[in-house]
Amino acid sequence: MKETILVTGGTGFIGSHTTVELQQAGYDVVIVDNLSNSREDVLDGIEKITGIRPAFEKVDLRDASATEAVFQKYPKISGIIHFAASKAVGESVQKPLLYYHNNIVSLINVLSMMPKYGVKGIIFSSSCTVYGQPDVLPATEETPIKKAESPYGNTKQINEEIIEDTVKSGSPIKAILLRYFNPIGAHPSALIGEMPNGVPQNLIPYLTQTAIGIRKELSVFGDDYDTPDGSCIRDYIYVVDLAKAHVCAMTRIMEDKTTEPVEVYNIGTGRGTSVLELIHAFEKATGVKLNYKIVGRRAGDIEKVWGNVDKANKVLGWKAETPLEDVLASAWKWQCALRERGIM
Ligand code: NAD
Ligand code: WQD
């Protein structure tokens with residue numbers, strides 16, 4: 001029997017790529033999104049790639065009765081992947097209540113429906129941001145959680161605790177927390193990808209927008225860190241590889257293979273790449289020369305972080321496979337496709 005998975009935030013960056021992988025693995029998908037940070041035509045891209053248009057409900061998950069109506073309309077939902085959230089770190093500092101309200105109430109509404117509608121399990125989008133600057137690298141799942149640097153980061157910590165407390169209370173659900181490192185890139189078809197609103201805050205969209213001429217130059221935030229070339233280090237994970245991790249995790253839930261009440265996995269490559277290394281890899285992968293300059297450090301930046309992903313490799317049977325240059329080429333192809341479509 002085909003299982004039906006509710007993908008919240010499914011027209012967003014990671015949700016759309018995960019929908020593609022779920023459908024290609026044989027799952028039926030119902031997307032719920034309020035389109036606050038995505039567009040409905042993402043569904044066209046998903047349909048072109050997979051040949052299947054996922055069911056779509058434009059619903060705000062802060063609205064409990066509208067959320068419940070989704071479960072009534074699709075009684076076969078047996079698993080949930082919960083991506084829907086507001087995710088801009090800087091904005092969360094300016095508008096903390098918006099972030100606490102959206103990210104926490106949406107999760108509570110979704111979790112509350114699960115026992116009533118017989119939903120077996122949930123996968124939650126968490127983040128390496130919960131580790132802050134780890135004292136020891138790479139970060140494992142046991143690395144201590146540090147006090148959050150932003151309201152956004154705090155919502156990830158609180159939501160992890162809400163899920164843990166709910167499962168501990170005896171709720172008959174399985175839960176997997178996936179802590180993503182830095183997701184980048186786009187589907188190789190360039191039919192779906194990342195669609196930042198306004199001036200991008202994240203490195204890759206700023207870089208590709210600079211390369212295509214939307215931005216004048218990329219600022220590299222600091223070259224005086226305690227790293228080999230002085231720029232910050234991150235673990236950049238290809239969004240398609242990340243999407244596949246969700247399929248592995250969902251299959252584990254559906255096949256009753258989970259062994260802990262709430263399982264936690266780091267999802268990254270296990271390798272750190274500096275900002276300058278990334279720029280040079282982009283230039284090599286695309287042949288495009290990037291205009292960049294070194295500027296001062298960005299407030300609140302972590303110096304270096306990358307993940308130990310042994311647990312995901314061994315237990316989920318998942319591994320990040322795509323070489324960095326292919327990932328960067330996919331981001332560039334996507335930026336060019338947006339230009340061709342007259343979007344950016
Ligand atoms: P995204 O903004 O592209 O996707 C999130 C989607 O959720 C958007 O389509 C938005 O419209 C929708 N949404 C927001 N609030 C909603 C609500 N109340 N009701 C219904 N839909 C709502 O973001 P993304 O990069 O795809 O991130 C997905 C998840 O992964 C988020 O939870 C994010 O915090 C987490 N995450 C992202 C990153 C990253 O760097 N992209 C890293 C770690 C974790
Ligand atoms: C990456 C590197 C910057 C832009 C943020 C959130 C985190 C997570 C992912 C969700 C850093 C440098 C960037 C630029 C630059 N999201 N940079 N010039 O900061 O690792 O993490 O997004 O949970 O919570 O904090 O990602 O893409 O912003 O930056 O030099 O114009 O690129 O200093 O070293 P970050 P990022």
# chains A, B, ... in the order shown; residues from 1 in each chain; ligands from 1
>>> residues_near_ligand(ligand="ligand 2", cutoff="8 Å", atoms="only C-alpha atoms and all ligand atoms", output="ChimeraX atom specification")
/A:87-89,126-129,152-153,156,180-183,200-204,206-207,218-222,231-234,274-275,297-298,301-304
>>> residues_near_ligand(ligand="ligand 1", cutoff="8 Å", atoms="only C-alpha atoms and all ligand atoms", output="VMD selection string")
chain A and resid 8 to 16 32 to 39 58 to 63 82 to 87 102 to 103 106 124 to 129 152 156 179 to 184 194 to 196 202
>>> atom_distance(atom1="CA of Ser112 (chain A)", atom2="CA of Lys257 (chain A)")
23.3 Å
>>> residues_around(residues="Lys120 (chain A)", least_positions_apart="2", cutoff="6 Å", atoms="only C-alpha atoms", output="VMD selection string")
chain A and resid 78 to 79 173
>>> write_last_selection(atoms="N, CA, C and O atoms", output="short mmCIF file (atom, residue, chain, number, x, y, z; two decimals), in the first residue's frame")
data_model
loop_
_atom_site.label_atom_id
_atom_site.label_comp_id
_atom_site.auth_asym_id
_atom_site.auth_seq_id
_atom_site.Cartn_x
_atom_site.Cartn_y
_atom_site.Cartn_z
N SER A 78 -0.23 9.04 7.05
CA SER A 78 0.36 8.17 8.09
C SER A 78 1.69 8.69 8.61
O SER A 78 2.23 8.18 9.58
N GLY A 79 2.24 9.72 7.94
CA GLY A 79 3.49 10.30 8.43
C GLY A 79 3.52 11.79 8.10
O GLY A 79 2.84 12.24 7.17
N ILE A 173 3.34 8.07 19.21
CA ILE A 173 3.94 8.49 17.93
C ILE A 173 5.45 8.26 17.96
O ILE A 173 6.07 8.25 19.01
#
>>> residues_around(residues="Gly45 (chain A)", least_positions_apart="3", cutoff="7 Å", atoms="only C-alpha atoms", output="list of chain:residue names")
A:Asp41, A:Val42, A:Lys48, A:Ile49, A:Leu191, A:Ile192
>>> select_by_dssp(residues="region 275-334 of chain A", states="strand (DSSP E)", output="PyMOL selection string")
chain A and resi 292-295
>>> write_last_selection(atoms="C-alpha atoms", output="PDB file, in the first residue's frame")
ATOM      1  CA  TYR A 292      34.173  39.397  -3.876  1.00  0.00           C
ATOM      2  CA  LYS A 293      35.919  41.335  -1.168  1.00  0.00           C
ATOM      3  CA  ILE A 294      36.890  40.602   2.391  1.00  0.00           C
ATOM      4  CA  VAL A 295      35.008  42.680   4.937  1.00  0.00           C
TER       5      VAL A 295
END
>>> select_by_dssp(residues="region 78-320 of chain A", states="alpha helix (DSSP H)", output="MDAnalysis selection string")
chainID A and resid 89:94 96:100 106:116 151:168 203:212 239:254 275:286 310:311
>>> atom_distance(atom1="CA of Leu338 (chain A)", atom2="CA of Gly268 (chain A)")
26.7 Å
>>> residues_around(residues="Thr155 (chain A)", least_positions_apart="5", cutoff="8 Å", atoms="only C-alpha atoms", output="ChimeraX atom specification")
/A:99-100,103-104
>>> write_last_selection(atoms="all heavy atoms", output="PDB file, in the first residue's frame")
ATOM      1  N   TYR A  99       8.263  34.799  15.359  1.00  0.00           N
ATOM      2  CA  TYR A  99       8.980  33.521  15.242  1.00  0.00           C
ATOM      3  C   TYR A  99       8.503  32.509  16.271  1.00  0.00           C
ATOM      4  O   TYR A  99       8.253  31.348  15.956  1.00  0.00           O
ATOM      5  CB  TYR A  99      10.505  33.760  15.309  1.00  0.00           C
ATOM      6  CG  TYR A  99      11.015  34.071  13.920  1.00  0.00           C
ATOM      7  CD1 TYR A  99      10.665  35.259  13.290  1.00  0.00           C
ATOM      8  CD2 TYR A  99      11.755  33.145  13.192  1.00  0.00           C
ATOM      9  CE1 TYR A  99      11.052  35.528  11.984  1.00  0.00           C
ATOM     10  CE2 TYR A  99      12.152  33.408  11.887  1.00  0.00           C
ATOM     11  CZ  TYR A  99      11.798  34.597  11.292  1.00  0.00           C
ATOM     12  OH  TYR A  99      12.173  34.835  10.002  1.00  0.00           O
ATOM     13  N   TYR A 100       8.364  32.957  17.536  1.00  0.00           N
ATOM     14  CA  TYR A 100       7.891  32.011  18.558  1.00  0.00           C
ATOM     15  C   TYR A 100       6.484  31.538  18.215  1.00  0.00           C
ATOM     16  O   TYR A 100       6.165  30.357  18.301  1.00  0.00           O
ATOM     17  CB  TYR A 100       7.946  32.648  19.956  1.00  0.00           C
ATOM     18  CG  TYR A 100       9.364  32.740  20.489  1.00  0.00           C
ATOM     19  CD1 TYR A 100       9.971  33.961  20.748  1.00  0.00           C
ATOM     20  CD2 TYR A 100      10.125  31.584  20.718  1.00  0.00           C
ATOM     21  CE1 TYR A 100      11.277  34.041  21.218  1.00  0.00           C
ATOM     22  CE2 TYR A 100      11.432  31.658  21.188  1.00  0.00           C
ATOM     23  CZ  TYR A 100      12.005  32.885  21.431  1.00  0.00           C
ATOM     24  OH  TYR A 100      13.298  32.950  21.887  1.00  0.00           O
ATOM     25  N   ASN A 103       6.567  29.315  14.685  1.00  0.00           N
ATOM     26  CA  ASN A 103       7.296  28.048  14.714  1.00  0.00           C
ATOM     27  C   ASN A 103       6.783  27.109  15.803  1.00  0.00           C
ATOM     28  O   ASN A 103       6.783  25.884  15.624  1.00  0.00           O
ATOM     29  CB  ASN A 103       8.797  28.305  14.887  1.00  0.00           C
ATOM     30  CG  ASN A 103       9.385  29.009  13.658  1.00  0.00           C
ATOM     31  OD1 ASN A 103       8.662  29.355  12.734  1.00  0.00           O
ATOM     32  ND2 ASN A 103      10.684  29.224  13.654  1.00  0.00           N
ATOM     33  N   ILE A 104       6.333  27.668  16.908  1.00  0.00           N
ATOM     34  CA  ILE A 104       5.918  26.796  18.012  1.00  0.00           C
ATOM     35  C   ILE A 104       4.446  26.391  17.891  1.00  0.00           C
ATOM     36  O   ILE A 104       4.112  25.216  18.007  1.00  0.00           O
ATOM     37  CB  ILE A 104       6.264  27.463  19.361  1.00  0.00           C
ATOM     38  CG1 ILE A 104       7.803  27.517  19.452  1.00  0.00           C
ATOM     39  CG2 ILE A 104       5.676  26.680  20.535  1.00  0.00           C
ATOM     40  CD1 ILE A 104       8.352  28.279  20.600  1.00  0.00           C
TER      41      ILE A 104
END
>>> closest_residue(among="A:Met250, A:Ile343, A:Leu328, A:Val305", to="Lys284 (chain A)", atoms="only C-alpha atoms")
A:Leu328
>>> residues_around(residues="Glu164 (chain A)", least_positions_apart="5", cutoff="9 Å", atoms="only C-alpha atoms", output="MDAnalysis selection string")
chainID A and resid 159 169 175 261:262
>>> residues_around(residues="Val288 (chain A)", least_positions_apart="4", cutoff="12 Å", atoms="only C-alpha atoms", output="list in words")
Leu207, Thr208, Thr210, Ala211, Ile212, Gly213, Ile279, His280, Ala281, Phe282, Glu283, Lys284, Leu328, Ala329, Trp332 and Lys333 of chain A
>>> write_last_selection(atoms="all heavy atoms", output="tab-separated table (two decimals), in the first residue's frame")
chain	number	residue	atom	x	y	z
A	207	LEU	N	25.88	34.61	-3.37
A	207	LEU	CA	26.98	34.33	-4.31
A	207	LEU	C	26.46	34.19	-5.74
A	207	LEU	O	26.99	34.82	-6.68
A	207	LEU	CB	27.69	33.06	-3.82
A	207	LEU	CG	28.94	32.58	-4.53
A	207	LEU	CD1	29.76	31.70	-3.57
A	207	LEU	CD2	28.63	31.77	-5.78
A	208	THR	N	25.39	33.41	-5.94
A	208	THR	CA	24.91	33.21	-7.32
A	208	THR	C	24.28	34.49	-7.86
A	208	THR	O	24.40	34.79	-9.05
A	208	THR	CB	23.92	32.02	-7.42
A	208	THR	OG1	22.83	32.23	-6.52
A	208	THR	CG2	24.60	30.70	-7.10
A	210	THR	N	25.34	37.43	-7.14
A	210	THR	CA	26.48	38.27	-7.51
A	210	THR	C	27.03	37.81	-8.87
A	210	THR	O	27.30	38.62	-9.76
A	210	THR	CB	27.59	38.19	-6.43
A	210	THR	OG1	27.01	38.53	-5.18
A	210	THR	CG2	28.73	39.15	-6.75
A	211	ALA	N	27.16	36.51	-9.01
A	211	ALA	CA	27.73	35.96	-10.25
A	211	ALA	C	26.89	36.35	-11.46
A	211	ALA	O	27.43	36.58	-12.55
A	211	ALA	CB	27.84	34.44	-10.13
A	212	ILE	N	25.57	36.47	-11.28
A	212	ILE	CA	24.71	36.80	-12.44
A	212	ILE	C	24.51	38.31	-12.59
A	212	ILE	O	23.88	38.77	-13.57
A	212	ILE	CB	23.36	36.04	-12.34
A	212	ILE	CG1	22.81	35.76	-13.74
A	212	ILE	CG2	22.34	36.78	-11.48
A	212	ILE	CD1	21.79	34.66	-13.81
A	213	GLY	N	25.03	39.09	-11.62
A	213	GLY	CA	24.99	40.54	-11.77
A	213	GLY	C	23.88	41.25	-11.03
A	213	GLY	O	23.72	42.46	-11.16
A	279	ILE	N	34.07	29.67	-2.59
A	279	ILE	CA	34.11	30.61	-3.72
A	279	ILE	C	34.98	30.03	-4.85
A	279	ILE	O	34.60	30.03	-6.02
A	279	ILE	CB	34.65	31.98	-3.25
A	279	ILE	CG1	33.61	32.66	-2.35
A	279	ILE	CG2	35.03	32.87	-4.44
A	279	ILE	CD1	34.10	33.93	-1.67
A	280	HIS	N	36.14	29.50	-4.47
A	280	HIS	CA	37.04	28.97	-5.50
A	280	HIS	C	36.45	27.72	-6.15
A	280	HIS	O	36.57	27.53	-7.37
A	280	HIS	CB	38.44	28.71	-4.91
A	280	HIS	CG	39.06	29.99	-4.41
A	280	HIS	ND1	39.72	30.12	-3.21
A	280	HIS	CD2	39.06	31.25	-4.96
A	280	HIS	CE1	40.11	31.38	-3.04
A	280	HIS	NE2	39.73	32.08	-4.09
A	281	ALA	N	35.76	26.90	-5.37
A	281	ALA	CA	35.11	25.71	-5.94
A	281	ALA	C	34.00	26.13	-6.91
A	281	ALA	O	33.81	25.51	-7.96
A	281	ALA	CB	34.54	24.84	-4.82
A	282	PHE	N	33.29	27.21	-6.58
A	282	PHE	CA	32.23	27.71	-7.46
A	282	PHE	C	32.84	28.18	-8.78
A	282	PHE	O	32.34	27.86	-9.87
A	282	PHE	CB	31.47	28.87	-6.79
A	282	PHE	CG	30.45	29.50	-7.68
A	282	PHE	CD1	29.17	28.94	-7.79
A	282	PHE	CD2	30.74	30.63	-8.43
A	282	PHE	CE1	28.22	29.50	-8.63
A	282	PHE	CE2	29.78	31.21	-9.27
A	282	PHE	CZ	28.53	30.63	-9.37
A	283	GLU	N	33.95	28.92	-8.68
A	283	GLU	CA	34.58	29.43	-9.91
A	283	GLU	C	35.06	28.28	-10.78
A	283	GLU	O	34.91	28.30	-12.00
A	283	GLU	CB	35.75	30.36	-9.54
A	283	GLU	CG	35.27	31.67	-8.91
A	283	GLU	CD	36.40	32.63	-8.54
A	283	GLU	OE1	37.52	32.16	-8.23
A	283	GLU	OE2	36.16	33.85	-8.55
A	284	LYS	N	35.60	27.24	-10.13
A	284	LYS	CA	36.10	26.10	-10.88
A	284	LYS	C	34.95	25.32	-11.53
A	284	LYS	O	35.02	24.92	-12.70
A	284	LYS	CB	36.87	25.19	-9.91
A	284	LYS	CG	37.63	24.09	-10.58
A	284	LYS	CD	38.69	23.49	-9.67
A	284	LYS	CE	39.22	22.23	-10.33
A	284	LYS	NZ	39.27	21.09	-9.43
A	328	LEU	N	27.52	23.07	-6.49
A	328	LEU	CA	27.62	24.49	-6.83
A	328	LEU	C	27.17	24.74	-8.26
A	328	LEU	O	26.54	25.75	-8.57
A	328	LEU	CB	29.05	24.97	-6.58
A	328	LEU	CG	29.44	24.92	-5.09
A	328	LEU	CD1	30.93	25.15	-4.91
A	328	LEU	CD2	28.63	25.92	-4.28
A	329	ALA	N	27.46	23.79	-9.14
A	329	ALA	CA	26.99	23.91	-10.53
A	329	ALA	C	25.46	23.89	-10.56
A	329	ALA	O	24.83	24.62	-11.35
A	329	ALA	CB	27.56	22.78	-11.38
A	332	TRP	N	24.15	27.29	-9.61
A	332	TRP	CA	24.34	28.24	-10.72
A	332	TRP	C	23.31	28.01	-11.82
A	332	TRP	O	22.71	28.95	-12.36
A	332	TRP	CB	25.77	28.12	-11.24
A	332	TRP	CG	26.09	29.01	-12.40
A	332	TRP	CD1	26.60	28.64	-13.60
A	332	TRP	CD2	25.92	30.44	-12.47
A	332	TRP	NE1	26.76	29.72	-14.42
A	332	TRP	CE2	26.35	30.85	-13.75
A	332	TRP	CE3	25.44	31.40	-11.59
A	332	TRP	CZ2	26.31	32.18	-14.16
A	332	TRP	CZ3	25.40	32.74	-12.00
A	332	TRP	CH2	25.84	33.11	-13.28
A	333	LYS	N	23.07	26.75	-12.14
A	333	LYS	CA	22.08	26.41	-13.17
A	333	LYS	C	20.70	26.95	-12.76
A	333	LYS	O	19.94	27.46	-13.58
A	333	LYS	CB	22.03	24.88	-13.34
A	333	LYS	CG	21.22	24.40	-14.52
A	333	LYS	CD	21.33	22.89	-14.70
A	333	LYS	CE	20.33	22.41	-15.73
A	333	LYS	NZ	20.19	20.95	-15.76
>>> closest_residue(among="A:Pro144, A:Pro134, A:Pro228, A:Pro188", to="Val327 (chain A)", atoms="only C-alpha atoms")
A:Pro188
>>> closest_residue(among="A:Ile267, A:Ala243, A:Leu137, A:Ala186", to="Trp306 (chain A)", atoms="only C-alpha atoms")
A:Leu137
